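S.K.: So that we are looking at the same thing, I have put the structure below in structure tokens.
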Amino acid sequence: MADFSVKIKGFIFNLDGVIVDTAKYHYKAWLRLADEMGVEFPPEQHEQLRSLSRMESLEKILEWGGLYMTEAEKLHWADVKNNWYQGLIAHMTPDEVFKGVLPFLEEVREYGGKTALSSASRNAHTVLKSTRLDSSFDVVLDGSAARKAKPHPDCFLQAASALGLAPSECIVFDDAVLGVQAARDGGFHTVGVGKQEDLPDADLVIPGFEGLSLSDVLEMMPWTPLSMVETEG
Ligand code: G1P
């Protein structure tokens, strides 16, 4: 493998929709809530909730339905949704980790890279545990960490700082427009996970990790000439 270790030392991953297919469970639980409230919620619209916190997601649904709730009602319904969601993820298994993720993480380790998981979800630890990924990352930051919401880059800046790295030394993998924007604004290299047309601002877009090696990804990145010649020590 070509030696890229001089520039990229950190790999920061979003969880839902990048590592594991929990997005479908979030959608199911939010859809149930939207139905109860008489709000239309087609699957395409769920894209807009990716990267948002639980409360921000609820507020979006209320906005779509033109509904008003007091803070206490919002807390109540956010809790109800979370109970439904937890019921759905309670039986997740390691099979639900997207194909190619484990070999990719293994390659990153062999290459000497550091890994972080940065998720807006407060359920990230539960998901990592049930899919047996709880010791797969050097750093895990979930939605309980105090930080500004995406598109502010806070969540990725905190992850890089916990890894002891500068943003320019890290690649962020995210499946959402807001996530890619946050990473770019924070000075990170970005890999969008999904469809090119949905993530036009990412440096590189991959459909997923299946069949992709770390060197494939590094070689496909549009590196600037300066970073190509940068050396360590
Ligand atoms: C939250 C939101 C969900 C959003 C997810 C992003 O998860 O509820 O809509 O898609 O973060 O990761 P929660 O903290 O409820 O698990």
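Residues are named by chain letter and number: chains run A, B, ... in the order of the structure tokens, numbers start at 1 in each chain, and ligands are numbered from 1 in the order shown.
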Could you build a table of the residues in chain A lying no more than 8 Å from ligand 1, giving for each the nearest pair of atoms and their separation in Å rounded to one decimal place, using only C-alpha atoms and all ligand atoms, ordered by chain and ascending residue number, as CSV?
M.R.:
residue,atom,partner,partner_atom_place_in_ligand_line,distance
A:Asn14,CA,ligand 1,12 (O),7.6
A:Leu15,CA,ligand 1,12 (O),6.6
A:Asp16,CA,ligand 1,12 (O),5.1
A:Ala23,CA,ligand 1,10 (O),6.4
A:His26,CA,ligand 1,9 (O),5.8
A:Tyr27,CA,ligand 1,9 (O),7.5
A:Trp30,CA,ligand 1,9 (O),7.3
A:His46,CA,ligand 1,10 (O),8.0
A:Leu49,CA,ligand 1,10 (O),5.1
A:Arg50,CA,ligand 1,10 (O),4.1
A:Ser51,CA,ligand 1,6 (C),4.4
A:Leu52,CA,ligand 1,4 (C),5.1
A:Ser53,CA,ligand 1,1 (C),4.4
A:Arg54,CA,ligand 1,8 (O),3.4
A:Met55,CA,ligand 1,8 (O),7.0
A:Glu56,CA,ligand 1,2 (C),7.7
A:Ser57,CA,ligand 1,9 (O),5.0
A:Leu58,CA,ligand 1,9 (O),7.6
A:Ala78,CA,ligand 1,15 (O),7.7
A:Lys81,CA,ligand 1,15 (O),7.7
A:Asn82,CA,ligand 1,15 (O),5.7
A:Tyr85,CA,ligand 1,16 (O),7.6
A:Ser119,CA,ligand 1,12 (O),5.4
A:Ala120,CA,ligand 1,12 (O),4.4
A:Ser121,CA,ligand 1,14 (O),3.3
A:Arg122,CA,ligand 1,14 (O),3.7
A:Asn123,CA,ligand 1,16 (O),4.4
A:Ala124,CA,ligand 1,16 (O),6.7
A:Gly143,CA,ligand 1,14 (O),5.9
S.K.: As a ChimeraX atom specification, please: the residues near Leu165 (chain A) (cut-off 10 Å, only C-alpha atoms, same-chain neighbours under 3 positions excluded).
M.R.: /A:8-10,114,157,159-162,168-170
S.K.: CA of Gly112 (chain A) and CA of Ser213 (chain A), how far apart in Å?
M.R.: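 CA of Gly112 (chain A) lies 14.7 Å from CA of Ser213 (chain A).
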S.K.: Kindly indicate which residue among A:Phe98, A:Phe173, A:Phe188, A:Phe104 lies nearest to Ser215 (chain A), using only C-alpha atoms for the distances.
M.R.: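 Among A:Phe98, A:Phe173, A:Phe188, A:Phe104, it is A:Phe104 that comes nearest to Ser215 (chain A).
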S.K.: Could you check how far CA of Leu31 (chain A) sits from CA of Glu96 (chain A), in Å to one decimal?
M.R.: 21.1 Å
S.K.: What does the distance from CA of Pro167 (chain A) to CA of Phe137 (chain A) come to in Å, to one decimal?
M.R.: 17.5 Å
S.K.: Would you mind telling me which residue in A:Trp223, A:Trp77, A:Trp84, A:Phe11 lies nearest to Ala116 (chain A) when using only C-alpha atoms?
M.R.: A:Phe11
S.K.: Out of A:Ile89, A:Leu102, A:Ile19, A:Leu62, which residue has the shortest atom-to-atom distance to Phe41 (chain A) when counting only C-alpha atoms?
M.R.: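 That would be A:Leu62, the residue with the smallest distance to Phe41 (chain A).
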S.K.: Could you name the residues that touch Ala202 (chain A) at 9 Å or less, counting only C-alpha atoms, but leaving out those on the same chain fewer than 4 positions away, as a list in words?
M.R.: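 Here the qualifying residues turn out to be Val177, Val180, Gln181, Arg184, His189, Thr190, Val191, Gly192 and Gln196 of chain A.
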S.K.: If DSSP is run on the backbone, what residues of region 47-128 of chain A are strand (DSSP E or B)? A reply as a ChimeraX atom specification would be ideal.
M.R.: /A:97,114-118
S.K.: May I have the residues within 10 Å of Asp95 (chain A) as an MDAnalysis selection string, using only C-alpha atoms and disregarding those fewer than 2 positions away in the same chain?
M.R.: chainID A and resid 20 92:93 97:99 131:132
S.K.: Generate a file of the selected residues that holds N, CA and C atoms, formatted as an mmCIF file, in the first residue's frame.
M.R.:
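Result written to part-v9.cif:
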data_model
loop_
_atom_site.group_PDB
_atom_site.id
_atom_site.type_symbol
_atom_site.label_atom_id
_atom_site.label_comp_id
_atom_site.auth_asym_id
_atom_site.auth_seq_id
_atom_site.Cartn_x
_atom_site.Cartn_y
_atom_site.Cartn_z
ATOM 1 N N VAL A 20 -23.766 1.496 10.506
ATOM 2 C CA VAL A 20 -24.842 0.549 10.774
ATOM 3 C C VAL A 20 -26.168 1.155 10.299
ATOM 4 N N MET A 92 -30.808 -5.683 17.921
ATOM 5 C CA MET A 92 -29.843 -5.588 16.816
ATOM 6 C C MET A 92 -28.717 -6.600 17.018
ATOM 7 N N THR A 93 -28.159 -7.047 15.924
ATOM 8 C CA THR A 93 -27.060 -8.019 16.006
ATOM 9 C C THR A 93 -25.865 -7.501 15.192
ATOM 10 N N VAL A 97 -24.199 -4.553 10.981
ATOM 11 C CA VAL A 97 -23.109 -3.630 10.619
ATOM 12 C C VAL A 97 -22.969 -3.702 9.100
ATOM 13 N N PHE A 98 -22.864 -2.553 8.439
ATOM 14 C CA PHE A 98 -22.771 -2.556 6.977
ATOM 15 C C PHE A 98 -21.577 -3.383 6.512
ATOM 16 N N LYS A 99 -21.781 -4.066 5.413
ATOM 17 C CA LYS A 99 -20.714 -4.905 4.854
ATOM 18 C C LYS A 99 -19.493 -4.051 4.519
ATOM 19 N N THR A 131 -24.079 -4.354 18.503
ATOM 20 C CA THR A 131 -23.467 -4.817 17.252
ATOM 21 C C THR A 131 -22.000 -5.224 17.474
ATOM 22 N N ARG A 132 -21.611 -5.264 18.725
ATOM 23 C CA ARG A 132 -20.254 -5.647 19.158
ATOM 24 C C ARG A 132 -19.161 -4.784 18.536
#
S.K.: Determine which residues of region 163-220 of chain A DSSP labels as alpha helix (DSSP H) from the backbone of this structure, then write them out as an mmCIF file with N, CA and C atoms, in the first residue's frame.
M.R.:
data_model
loop_
_atom_site.group_PDB
_atom_site.id
_atom_site.type_symbol
_atom_site.label_atom_id
_atom_site.label_comp_id
_atom_site.auth_asym_id
_atom_site.auth_seq_id
_atom_site.Cartn_x
_atom_site.Cartn_y
_atom_site.Cartn_z
ATOM 1 N N LEU A 163 -8.557 12.757 19.674
ATOM 2 C CA LEU A 163 -7.549 11.876 19.061
ATOM 3 C C LEU A 163 -6.162 12.522 19.073
ATOM 4 N N VAL A 177 -25.848 15.553 4.208
ATOM 5 C CA VAL A 177 -25.388 16.848 3.692
ATOM 6 C C VAL A 177 -24.863 17.723 4.830
ATOM 7 N N LEU A 178 -25.626 17.766 5.923
ATOM 8 C CA LEU A 178 -25.221 18.607 7.067
ATOM 9 C C LEU A 178 -23.891 18.150 7.662
ATOM 10 N N GLY A 179 -23.693 16.841 7.684
ATOM 11 C CA GLY A 179 -22.461 16.277 8.248
ATOM 12 C C GLY A 179 -21.260 16.622 7.377
ATOM 13 N N VAL A 180 -21.443 16.490 6.073
ATOM 14 C CA VAL A 180 -20.357 16.806 5.135
ATOM 15 C C VAL A 180 -20.015 18.296 5.238
ATOM 16 N N GLN A 181 -21.054 19.101 5.312
ATOM 17 C CA GLN A 181 -20.839 20.557 5.429
ATOM 18 C C GLN A 181 -20.074 20.890 6.718
ATOM 19 N N ALA A 182 -20.503 20.245 7.819
ATOM 20 C CA ALA A 182 -19.848 20.494 9.110
ATOM 21 C C ALA A 182 -18.365 20.115 9.038
ATOM 22 N N ALA A 183 -18.088 18.967 8.437
ATOM 23 C CA ALA A 183 -16.701 18.499 8.354
ATOM 24 C C ALA A 183 -15.866 19.434 7.475
ATOM 25 N N ARG A 184 -16.432 19.819 6.356
ATOM 26 C CA ARG A 184 -15.703 20.741 5.452
ATOM 27 C C ARG A 184 -15.409 22.057 6.154
ATOM 28 N N ASP A 185 -16.424 22.587 6.809
ATOM 29 C CA ASP A 185 -16.241 23.873 7.488
ATOM 30 C C ASP A 185 -15.205 23.768 8.607
ATOM 31 N N LEU A 214 -8.763 0.560 2.222
ATOM 32 C CA LEU A 214 -8.322 1.874 2.691
ATOM 33 C C LEU A 214 -7.501 2.565 1.608
ATOM 34 N N SER A 215 -6.628 1.799 0.935
ATOM 35 C CA SER A 215 -5.814 2.462 -0.098
ATOM 36 C C SER A 215 -6.669 2.923 -1.270
ATOM 37 N N ASP A 216 -7.753 2.184 -1.584
ATOM 38 C CA ASP A 216 -8.673 2.651 -2.648
ATOM 39 C C ASP A 216 -9.175 4.047 -2.280
ATOM 40 N N VAL A 217 -9.633 4.161 -1.041
ATOM 41 C CA VAL A 217 -10.218 5.434 -0.604
ATOM 42 C C VAL A 217 -9.166 6.546 -0.631
ATOM 43 N N LEU A 218 -7.992 6.258 -0.062
ATOM 44 C CA LEU A 218 -6.950 7.296 -0.014
ATOM 45 C C LEU A 218 -6.513 7.715 -1.414
ATOM 46 N N GLU A 219 -6.438 6.742 -2.311
ATOM 47 C CA GLU A 219 -5.989 7.080 -3.664
ATOM 48 C C GLU A 219 -7.042 7.842 -4.451
ATOM 49 N N MET A 220 -8.312 7.642 -4.097
ATOM 50 C CA MET A 220 -9.385 8.348 -4.824
ATOM 51 C C MET A 220 -9.595 9.780 -4.313
#
S.K.: Using only C-alpha atoms, which protein or nucleic acid residues come within 10 Å of Pro207 (chain A)? Drop anything in the same chain fewer than 5 positions from it, and give the result as a list in words.
M.R.: Val18, Asp175, Gly192, Val193, Gly194, Lys195, Gln196 and Leu212 of chain A
S.K.: Could those residues be written to a file, using all heavy atoms, as a compact mmCIF listing (two decimals), in the first residue's frame?
M.R.:
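Result file is out29.txt:
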# COMPACT_ATOMS: atom_id res chain seq x y z
N VAL A 18 -23.89 5.12 8.35
CA VAL A 18 -22.51 5.00 7.85
C VAL A 18 -21.92 3.65 8.26
O VAL A 18 -21.38 2.91 7.45
CB VAL A 18 -21.62 6.15 8.39
CG1 VAL A 18 -20.15 5.93 8.04
CG2 VAL A 18 -22.10 7.48 7.81
N ASP A 175 -22.90 10.45 6.05
CA ASP A 175 -23.90 10.15 5.01
C ASP A 175 -24.86 11.31 4.78
O ASP A 175 -25.78 11.17 3.97
CB ASP A 175 -24.71 8.90 5.40
CG ASP A 175 -25.54 9.14 6.64
OD1 ASP A 175 -25.06 9.84 7.55
OD2 ASP A 175 -26.68 8.65 6.70
N GLY A 192 -18.23 11.29 1.59
CA GLY A 192 -19.67 11.12 1.72
C GLY A 192 -19.99 9.65 1.51
O GLY A 192 -19.41 9.01 0.63
N VAL A 193 -20.87 9.12 2.32
CA VAL A 193 -21.27 7.72 2.16
C VAL A 193 -22.71 7.73 1.66
O VAL A 193 -23.62 8.14 2.39
CB VAL A 193 -21.14 6.95 3.49
CG1 VAL A 193 -21.52 5.49 3.29
CG2 VAL A 193 -19.73 7.07 4.05
N GLY A 194 -22.90 7.37 0.41
CA GLY A 194 -24.24 7.44 -0.19
C GLY A 194 -24.13 7.67 -1.67
O GLY A 194 -23.26 7.12 -2.33
N LYS A 195 -25.03 8.53 -2.18
CA LYS A 195 -25.05 8.79 -3.62
C LYS A 195 -24.40 10.14 -3.93
O LYS A 195 -24.65 11.12 -3.23
CB LYS A 195 -26.50 8.83 -4.12
CG LYS A 195 -27.20 7.51 -4.02
CD LYS A 195 -28.54 7.57 -4.75
CE LYS A 195 -29.36 6.36 -4.42
NZ LYS A 195 -30.73 6.68 -4.06
N GLN A 196 -23.64 10.14 -5.01
CA GLN A 196 -22.94 11.36 -5.44
C GLN A 196 -23.88 12.55 -5.53
O GLN A 196 -23.59 13.64 -5.04
CB GLN A 196 -22.29 11.07 -6.82
CG GLN A 196 -21.57 12.24 -7.44
CD GLN A 196 -20.27 12.61 -6.70
OE1 GLN A 196 -19.42 11.77 -6.43
NE2 GLN A 196 -20.15 13.88 -6.36
N LEU A 212 -14.23 -2.01 -0.76
CA LEU A 212 -13.31 -0.86 -0.85
C LEU A 212 -12.22 -1.00 0.20
O LEU A 212 -12.50 -1.17 1.38
CB LEU A 212 -14.06 0.43 -0.55
CG LEU A 212 -14.70 1.19 -1.69
CD1 LEU A 212 -15.17 2.54 -1.19
CD2 LEU A 212 -13.71 1.40 -2.84
